[in-house]
Number of protein chains: 4
Amino acid sequence: MTTSPNLEDSRRRQILDAAFSCFASRGFSSVTMDDIARVSGLSKGALYWYYKSKDELILALCEAWIEKNDRALMKMAQECSLDQLLFDYPKYLFAQREIAAHSKFFFHLWAISTENDEVKTRVAKMYREHNEQAGAFVRTAVDLAILKPEVDPENFARQILALFDGLLIQWHYDPTMDLSANWSQSVRNLLEGIGSTKLQIQE
Amino acid sequence: MTTSPNLEDSRRRQILDAAFSCFASRGFSSVTMDDIARVSGLSKGALYWYYKSKDELILALCEAWIEKNDRALMKMAQECSLDQLLFDYPKYLFAQREIAAHSKFFFHLWAISTENDEVKTRVAKMYREHNEQAGAFVRTAVDLAILKPEVDPENFARQILALFDGLLIQWHYDPTMDLSANWSQSVRNLLEGIGSTKLQIQE
Amino acid sequence: MTTSPNLEDSRRRQILDAAFSCFASRGFSSVTMDDIARVSGLSKGALYWYYKSKDELILALCEAWIEKNDRALMKMAQECSLDQLLFDYPKYLFAQREIAAHSKFFFHLWAISTENDEVKTRVAKMYREHNEQAGAFVRTAVDLAILKPEVDPENFARQILALFDGLLIQWHYDPTMDLSANWSQSVRNLLEGIGSTKLQIQE
Amino acid sequence: MTTSPNLEDSRRRQILDAAFSCFASRGFSSVTMDDIARVSGLSKGALYWYYKSKDELILALCEAWIEKNDRALMKMAQECSLDQLLFDYPKYLFAQREIAAHSKFFFHLWAISTENDEVKTRVAKMYREHNEQAGAFVRTAVDLAILKPEVDPENFARQILALFDGLLIQWHYDPTMDLSANWSQSVRNLLEGIGSTKLQIQE
DNA sequence: CATGAATGAGCTTTCATTCAT
DNA sequence: TATGAATGAAAGCTCATTCAT
């Protein structure tokens, strides 16, 4: 006599939501299963009913979080122009008020990747896919002659994704900065170039 | 007749070295004082003779690590041309074989900053100073007409520092990439601009 | 359906019983939580499930012990004549074979009161109440002209309670003495006076 | 080449003074050898030069403290009249401002006697001697017909010593009480008797 | 399915004691 | 003699995990 499949789904979501809220603010190892149980409103036993261990819960949360972001990105890619995509990437990815939680979660994700191989593999896959996707966009833009023909798609994809992560870090340590404005300006710099004509560039 | 004043220094260095080696590879909360004792070749009691608590040890390590990097940066700033500074920043900062340890340590530093306010404050100070220093360089370069006059020094400083952190992350998840080459190309992109003349840039 | 509400009570009693048995014989700081766990038949974790810390357990034990004694005293006060109350106080308070444990526990209670303010406050309250209760008895006895009209109830209450504690100490260092007999004789001395008519008493 | 015997004595006194000051206020097990070293102005190594262990230091302190009190008592016995002895015992024993420290030290002495047999034996000896000495006084007073002939010297000695300890306890929990006044009144009660002529005393 | 009491390995920290200097 | 750095056993406490109900 199995329960309706929806209960299980909703329970799992309930747990993952609580887990995200806890882990994002205090890190994977500082948060206890008791914390998650309390926040989720379930008992510790229930957590172990749906997830065999803390590690499994962590992995499931990371996967769910990555997939949700991926879906957001895909939607964005279908709905937005290349311009919007380039200039408003962070704006679309996280609602403004969620940036704090998500940037912290990123930090914990990077940190735990040094210890937990399953998580590292999953996150590596995410970066690989993002790089590929961004690379494809760049190739299209080059083909359309929007970008210079000599642009290396793979390198540029990396640069733009690195910029995003790096600005999250900058923002974490100085929340007075305007993340979106900084992003847009950085993208503009990149497109137009900041070197004067006088500059002899190293080869 | 007390022990040579250098003994204390050398013991502290011995402990911090062991601590760095442990923390960098496994994170602040996963590493135990026993681990550090074992690696340092001292007893647990000795650790507590020099540092009152694990938190104090962590903070001391973060400070020492930041200061060491700062010294390396300062030396580089004095010895290198603007060109070298821009294009070879990562190469100078860490010896190639140390990148792995240092990038992991960065991850743990970001992560622990979400929980430990003293560390966060210290790291925030580091970023502030780096931003200011980079900003000053940019202003000089603008004055020398090496960079376009409309370049915003603060924004660009952020962009370049963000790029560095972001590429460390990229490299962590794909160690096959050539970090130095990627950095140089990214800097070149930024200086020359990647947009074709056809491109209408958003304002 | 939660566990029977009595389980918690019975577990707490189980722990407090073990704690009393340990603390009474070896003092608060010499006894470890492991000791109490072993004696109670529970695990250390279970102790911490019911009491948040060793200090909390100590305070709870002191309170429970005081309250139990108070109940015994109240029962005695209702059931006994003034005579019995006066002459057989120790006999009623502790069963003969329990004197050793209880007198030791008293010693540890006094000692810990010099370090632990919460315990000191609780014990001070106990003494205040005992003094008041004994004082009330004395006033009644004076009113009934059983005691001389010039007797100061508060002072006499203190004297009789001090006698009890003091004799416990005497007995601890010389268990061959007959505590009950000594108590009765002391009370008799006090009632009849031991000074000869020749004695000129200081004013 | 031994040091002057006076240095050793003065060092030992220095250590015991520091130890008393520490132990009296915080109890034997809460005080660390570091505490005593700090307060004495000596190093931990010096402590262990003069006393082989913490237990040995504790025992030496107890012995020294008891002997000092005994000398004070003996002096008092030689210099004072029976009256003064009876009525002003506490006043002579400790200077008023020292009562707090000494009463606390008593508490710790009783407490540690439950765990440390050497200390217990030493304190038991003290009580035995005090009882004997007080008993001798009482016998004299009976012979002089100052006290009633039926007074049992041993019992009365115990009663008076118990009163002293007991009142110290009372005072600890209510420092507003006037210890000396309470003592004198208690002695007066005991000499004159507090029972009215109506009272039929149990046999 | 769900609960929460119970477990116990493992953590940080303390401290009596030792010993090279 | 005296110092204080170093040791390591043992303490209080935490928390992932289990399991009877």
# chains A, B, ... in the order shown; residues from 1 in each chain; ligands from 1
$ interface_residues --of "chain E" --to "chain C" --cutoff "8 Å" --atoms "only C-alpha atoms (C1' of nucleotides)" --output "VMD selection string"
chain E and resid 3 5 to 8
$ select_by_dssp --residues "segment 5-82 of chain C" --states "helix (DSSP H, G or I)" --output "ChimeraX atom specification"
/C:5-26,33-40,44-50,54-79,82
$ closest_residue --among "B:Ile99, B:Ala37, B:Arg26, B:Tyr89" --to "chain A" --atoms "only C-alpha atoms"
B:Arg26
$ residues_around --residues "Val151 of chain C" --least-positions-apart "3" --cutoff "10 Å" --atoms "only C-alpha atoms (C1' of nucleotides)" --output "list in words"
Val138, Arg139, Ala141, Val142, Leu147, Lys148, Glu154, Asn155 and Phe156 of chain C; Gln185, Asn189, Gly193, Ile194 and Gly195 of chain D
$ write_last_selection --atoms "C-alpha atoms" --output "PDB file, in the first residue's frame"
ATOM      1  CA  VAL C 138       9.885  28.188  68.345  1.00  0.00           C
ATOM      2  CA  ARG C 139       7.431  31.057  68.479  1.00  0.00           C
ATOM      3  CA  ALA C 141       6.554  26.915  71.790  1.00  0.00           C
ATOM      4  CA  VAL C 142       7.220  30.251  73.430  1.00  0.00           C
ATOM      5  CA  LEU C 147      10.127  27.709  76.074  1.00  0.00           C
ATOM      6  CA  LYS C 148      11.237  30.691  78.084  1.00  0.00           C
ATOM      7  CA  GLU C 154      15.459  33.362  64.914  1.00  0.00           C
ATOM      8  CA  ASN C 155      18.625  32.821  66.842  1.00  0.00           C
ATOM      9  CA  PHE C 156      17.466  29.568  68.285  1.00  0.00           C
TER      10      PHE C 156
ATOM     11  CA  GLN D 185      23.664  34.025  72.313  1.00  0.00           C
ATOM     12  CA  ASN D 189      21.164  29.598  75.651  1.00  0.00           C
ATOM     13  CA  GLY D 193      18.782  26.528  79.220  1.00  0.00           C
ATOM     14  CA  ILE D 194      15.882  27.674  77.189  1.00  0.00           C
ATOM     15  CA  GLY D 195      13.205  25.337  78.465  1.00  0.00           C
TER      16      GLY D 195
END
$ residues_around --residues "segment 102-119 of chain C" --least-positions-apart "5" --cutoff "8 Å" --atoms "only C-alpha atoms (C1' of nucleotides)" --output "PDB file with N, CA, C and O atoms, in the first residue's frame"
ATOM      1  N   PHE C  20      23.187  11.040  42.057  1.00  0.00           N
ATOM      2  CA  PHE C  20      23.322  11.186  43.512  1.00  0.00           C
ATOM      3  C   PHE C  20      24.331  10.191  44.050  1.00  0.00           C
ATOM      4  O   PHE C  20      25.223  10.533  44.831  1.00  0.00           O
ATOM      5  N   PHE C  23      27.844  11.432  42.861  1.00  0.00           N
ATOM      6  CA  PHE C  23      28.269  12.710  43.434  1.00  0.00           C
ATOM      7  C   PHE C  23      28.445  12.604  44.946  1.00  0.00           C
ATOM      8  O   PHE C  23      29.380  13.169  45.518  1.00  0.00           O
ATOM      9  N   ALA C  24      27.520  11.896  45.591  1.00  0.00           N
ATOM     10  CA  ALA C  24      27.591  11.829  47.052  1.00  0.00           C
ATOM     11  C   ALA C  24      28.897  11.195  47.480  1.00  0.00           C
ATOM     12  O   ALA C  24      29.510  11.601  48.464  1.00  0.00           O
ATOM     13  N   SER C  25      29.345  10.186  46.710  1.00  0.00           N
ATOM     14  CA  SER C  25      30.549   9.536  47.216  1.00  0.00           C
ATOM     15  C   SER C  25      31.838  10.176  46.721  1.00  0.00           C
ATOM     16  O   SER C  25      32.859  10.067  47.378  1.00  0.00           O
ATOM     17  N   GLY C  27      32.030  13.578  44.937  1.00  0.00           N
ATOM     18  CA  GLY C  27      32.094  15.016  44.695  1.00  0.00           C
ATOM     19  C   GLY C  27      31.788  15.408  43.268  1.00  0.00           C
ATOM     20  O   GLY C  27      32.012  14.634  42.334  1.00  0.00           O
ATOM     21  N   PHE C  28      31.303  16.611  43.106  1.00  0.00           N
ATOM     22  CA  PHE C  28      30.810  17.037  41.802  1.00  0.00           C
ATOM     23  C   PHE C  28      31.889  17.060  40.732  1.00  0.00           C
ATOM     24  O   PHE C  28      31.662  16.650  39.604  1.00  0.00           O
ATOM     25  N   LEU C  59      22.509  21.054  39.053  1.00  0.00           N
ATOM     26  CA  LEU C  59      21.485  21.911  39.645  1.00  0.00           C
ATOM     27  C   LEU C  59      20.185  21.141  39.834  1.00  0.00           C
ATOM     28  O   LEU C  59      19.543  21.230  40.886  1.00  0.00           O
ATOM     29  N   CYS C  62      20.489  18.869  42.814  1.00  0.00           N
ATOM     30  CA  CYS C  62      20.416  19.599  44.075  1.00  0.00           C
ATOM     31  C   CYS C  62      18.972  19.972  44.381  1.00  0.00           C
ATOM     32  O   CYS C  62      18.483  19.803  45.511  1.00  0.00           O
ATOM     33  N   PHE C  94      16.805  11.066  57.808  1.00  0.00           N
ATOM     34  CA  PHE C  94      17.459  10.058  56.966  1.00  0.00           C
ATOM     35  C   PHE C  94      17.396   8.707  57.650  1.00  0.00           C
ATOM     36  O   PHE C  94      17.649   8.601  58.844  1.00  0.00           O
ATOM     37  N   LEU C 168      26.679  16.341  61.842  1.00  0.00           N
ATOM     38  CA  LEU C 168      26.961  15.503  60.667  1.00  0.00           C
ATOM     39  C   LEU C 168      28.464  15.486  60.399  1.00  0.00           C
ATOM     40  O   LEU C 168      29.045  14.449  60.064  1.00  0.00           O
ATOM     41  N   ILE C 169      29.074  16.658  60.534  1.00  0.00           N
ATOM     42  CA  ILE C 169      30.516  16.753  60.301  1.00  0.00           C
ATOM     43  C   ILE C 169      31.273  15.942  61.349  1.00  0.00           C
ATOM     44  O   ILE C 169      32.170  15.162  61.020  1.00  0.00           O
ATOM     45  N   HIS C 172      31.016  12.423  60.514  1.00  0.00           N
ATOM     46  CA  HIS C 172      31.802  12.021  59.349  1.00  0.00           C
ATOM     47  C   HIS C 172      33.223  11.649  59.751  1.00  0.00           C
ATOM     48  O   HIS C 172      33.805  10.695  59.235  1.00  0.00           O
TER      49      HIS C 172
ATOM     50  N   SER D  25      39.066  30.017  47.616  1.00  0.00           N
ATOM     51  CA  SER D  25      37.978  30.658  46.880  1.00  0.00           C
ATOM     52  C   SER D  25      37.369  29.768  45.803  1.00  0.00           C
ATOM     53  O   SER D  25      36.229  29.977  45.429  1.00  0.00           O
ATOM     54  N   ARG D  26      38.128  28.792  45.310  1.00  0.00           N
ATOM     55  CA  ARG D  26      37.547  28.042  44.186  1.00  0.00           C
ATOM     56  C   ARG D  26      37.593  26.532  44.323  1.00  0.00           C
ATOM     57  O   ARG D  26      37.167  25.826  43.382  1.00  0.00           O
ATOM     58  N   GLY D  27      38.041  26.029  45.450  1.00  0.00           N
ATOM     59  CA  GLY D  27      37.951  24.589  45.643  1.00  0.00           C
ATOM     60  C   GLY D  27      39.119  23.823  45.078  1.00  0.00           C
ATOM     61  O   GLY D  27      39.749  24.260  44.112  1.00  0.00           O
ATOM     62  N   LYS D 104      35.062  29.116  53.705  1.00  0.00           N
ATOM     63  CA  LYS D 104      35.083  28.391  52.431  1.00  0.00           C
ATOM     64  C   LYS D 104      36.118  27.271  52.462  1.00  0.00           C
ATOM     65  O   LYS D 104      35.865  26.164  51.980  1.00  0.00           O
ATOM     66  N   PHE D 107      34.747  24.309  54.060  1.00  0.00           N
ATOM     67  CA  PHE D 107      33.833  23.546  53.206  1.00  0.00           C
ATOM     68  C   PHE D 107      34.619  22.615  52.280  1.00  0.00           C
ATOM     69  O   PHE D 107      34.276  21.446  52.101  1.00  0.00           O
ATOM     70  N   HIS D 108      35.672  23.184  51.687  1.00  0.00           N
ATOM     71  CA  HIS D 108      36.443  22.369  50.742  1.00  0.00           C
ATOM     72  C   HIS D 108      37.183  21.238  51.456  1.00  0.00           C
ATOM     73  O   HIS D 108      37.376  20.163  50.911  1.00  0.00           O
ATOM     74  N   TRP D 110      36.062  19.665  54.171  1.00  0.00           N
ATOM     75  CA  TRP D 110      35.084  18.601  54.403  1.00  0.00           C
ATOM     76  C   TRP D 110      34.825  17.833  53.114  1.00  0.00           C
ATOM     77  O   TRP D 110      34.766  16.604  53.119  1.00  0.00           O
ATOM     78  N   ALA D 111      34.660  18.558  52.021  1.00  0.00           N
ATOM     79  CA  ALA D 111      34.333  17.904  50.754  1.00  0.00           C
ATOM     80  C   ALA D 111      35.463  16.975  50.321  1.00  0.00           C
ATOM     81  O   ALA D 111      35.232  15.821  49.939  1.00  0.00           O
ATOM     82  N   THR D 114      35.964  13.438  51.649  1.00  0.00           N
ATOM     83  CA  THR D 114      35.188  12.282  51.180  1.00  0.00           C
ATOM     84  C   THR D 114      35.941  11.531  50.093  1.00  0.00           C
ATOM     85  O   THR D 114      35.546  10.426  49.718  1.00  0.00           O
ATOM     86  N   ILE D 169      28.355  27.662  58.392  1.00  0.00           N
ATOM     87  CA  ILE D 169      27.515  27.333  57.239  1.00  0.00           C
ATOM     88  C   ILE D 169      26.343  28.308  57.140  1.00  0.00           C
ATOM     89  O   ILE D 169      26.045  28.849  56.072  1.00  0.00           O
TER      90      ILE D 169
END
$ atom_distance --atom1 "atom CA of Asp88 of chain B" --atom2 "atom CA of Asp165 of chain B"
14.6 Å
$ residues_around --residues "segment 16-18 of chain F" --least-positions-apart "2" --cutoff "9 Å" --atoms "only C-alpha atoms (C1' of nucleotides)" --output "CSV table (one decimal) with all heavy atoms, in the first residue's frame"
chain,number,residue,atom,x,y,z
A,32,THR,N,23.4,20.6,11.3
A,32,THR,CA,23.1,19.2,11.7
A,32,THR,C,21.8,18.7,11.2
A,32,THR,O,21.0,19.5,10.7
A,32,THR,CB,23.1,19.1,13.3
A,32,THR,OG1,21.9,19.8,13.7
A,32,THR,CG2,24.2,19.8,13.9
A,33,MET,N,21.7,17.4,11.2
A,33,MET,CA,20.4,16.8,10.7
A,33,MET,C,19.3,17.3,11.6
A,33,MET,O,18.2,17.4,11.1
A,33,MET,CB,20.5,15.3,10.8
A,33,MET,CG,21.5,14.7,9.8
A,33,MET,SD,21.1,15.1,8.1
A,33,MET,CE,20.2,13.6,7.6
A,48,TYR,N,15.7,10.5,7.4
A,48,TYR,CA,16.4,9.3,7.1
A,48,TYR,C,15.5,8.3,6.3
A,48,TYR,O,16.0,7.3,5.7
A,48,TYR,CB,17.0,8.6,8.4
A,48,TYR,CG,18.3,9.3,8.8
A,48,TYR,CD1,18.3,10.3,9.6
A,48,TYR,CD2,19.5,8.8,8.2
A,48,TYR,CE1,19.5,11.0,10.0
A,48,TYR,CE2,20.7,9.4,8.6
A,48,TYR,CZ,20.7,10.5,9.5
A,48,TYR,OH,21.9,11.1,9.8
A,53,SER,N,21.5,9.1,4.2
A,53,SER,CA,22.6,9.7,5.0
A,53,SER,C,22.7,11.2,4.7
A,53,SER,O,22.0,11.7,3.8
A,53,SER,CB,23.9,9.0,4.7
A,53,SER,OG,24.3,9.4,3.4
A,54,LYS,N,23.4,11.8,5.5
A,54,LYS,CA,23.6,13.3,5.3
A,54,LYS,C,24.3,13.5,4.0
A,54,LYS,O,23.9,14.4,3.2
A,54,LYS,CB,24.5,13.8,6.5
A,54,LYS,CG,24.5,15.4,6.5
A,54,LYS,CD,25.4,15.9,7.6
A,54,LYS,CE,25.5,17.4,7.6
A,54,LYS,NZ,26.5,17.9,8.6
E,6,DA,P,15.4,7.3,26.3
E,6,DA,OP1,15.0,6.2,27.2
E,6,DA,OP2,15.8,8.6,26.8
E,6,DA,O5',16.6,6.8,25.4
E,6,DA,C5',16.5,5.5,24.8
E,6,DA,C4',17.7,5.2,24.0
E,6,DA,O4',17.7,6.0,22.8
E,6,DA,C3',19.0,5.4,24.7
E,6,DA,O3',19.7,4.2,24.9
E,6,DA,C2',19.8,6.4,23.8
E,6,DA,C1',19.1,6.3,22.5
E,6,DA,N9,19.1,7.5,21.7
E,6,DA,C8,18.6,8.8,22.1
E,6,DA,N7,18.7,9.7,21.2
E,6,DA,C5,19.3,9.0,20.1
E,6,DA,C6,19.6,9.4,18.8
E,6,DA,N6,19.5,10.7,18.4
E,6,DA,N1,20.1,8.5,18.0
E,6,DA,C2,20.3,7.2,18.4
E,6,DA,N3,20.0,6.7,19.6
E,6,DA,C4,19.5,7.7,20.4
E,7,DT,P,21.1,4.1,25.5
E,7,DT,OP1,21.2,2.8,26.1
E,7,DT,OP2,21.4,5.3,26.3
E,7,DT,O5',22.1,4.1,24.2
E,7,DT,C5',21.9,3.2,23.2
E,7,DT,C4',22.9,3.4,22.1
E,7,DT,O4',22.5,4.6,21.4
E,7,DT,C3',24.3,3.5,22.6
E,7,DT,O3',25.1,2.5,22.0
E,7,DT,C2',24.8,4.9,22.1
E,7,DT,C1',23.7,5.2,21.0
E,7,DT,N1,23.4,6.7,20.8
E,7,DT,C2,23.6,7.2,19.6
E,7,DT,O2,24.1,6.6,18.6
E,7,DT,N3,23.3,8.6,19.5
E,7,DT,C4,22.8,9.3,20.5
E,7,DT,O4,22.5,10.5,20.3
E,7,DT,C5,22.6,8.7,21.8
E,7,DT,C7,22.0,9.5,23.0
E,7,DT,C6,22.9,7.4,21.9
$ closest_atom_pairs --of "chain F" --to "chain C" --cutoff "8 Å" --atoms "only C-alpha atoms (C1' of nucleotides)" --output "JSON lines"
{"residue": "F:DA11", "atom": "C1'", "partner": "C:Thr32", "partner_atom": "CA", "distance": 7.3}
{"residue": "F:DG12", "atom": "C1'", "partner": "C:Met33", "partner_atom": "CA", "distance": 7.7}
{"residue": "F:DC13", "atom": "C1'", "partner": "C:Ser53", "partner_atom": "CA", "distance": 7.9}
$ write_last_selection --atoms "N, CA and C atoms (P, O5', C5', C4', C3', O3' and C1' of nucleotides)" --output "compact mmCIF listing (two decimals), in the first residue's frame"
# COMPACT_ATOMS: atom_id res chain seq x y z
P DA F 11 37.97 11.24 32.98
O5' DA F 11 37.07 12.54 32.87
C5' DA F 11 37.51 13.76 33.46
C4' DA F 11 37.06 14.91 32.62
C3' DA F 11 35.61 14.81 32.16
O3' DA F 11 34.81 15.60 33.00
C1' DA F 11 37.08 15.50 30.39
P DG F 12 33.21 15.49 32.84
O5' DG F 12 32.92 16.54 31.69
C5' DG F 12 33.22 17.90 31.89
C4' DG F 12 32.78 18.68 30.66
C3' DG F 12 31.29 18.54 30.34
O3' DG F 12 30.84 19.79 29.81
C1' DG F 12 32.58 17.66 28.56
P DC F 13 29.32 20.05 29.60
O5' DC F 13 29.17 19.72 28.06
C5' DC F 13 30.00 20.42 27.13
C4' DC F 13 29.90 19.77 25.78
C3' DC F 13 28.47 19.52 25.27
O3' DC F 13 28.26 20.47 24.24
C1' DC F 13 29.94 17.73 24.75
$ residues_around --residues "Ala64 of chain B" --least-positions-apart "2" --cutoff "12 Å" --atoms "only C-alpha atoms (C1' of nucleotides)" --output "list in words"
Arg12, Arg13, Ile15, Leu16, Asp17, Ala19, Phe20, Leu57, Ile58, Leu59, Ala60, Leu61, Cys62, Ile66, Glu67, Lys68, Asn69, Asp70, Arg71, Val119, Arg122, Val123 and Met126 of chain B
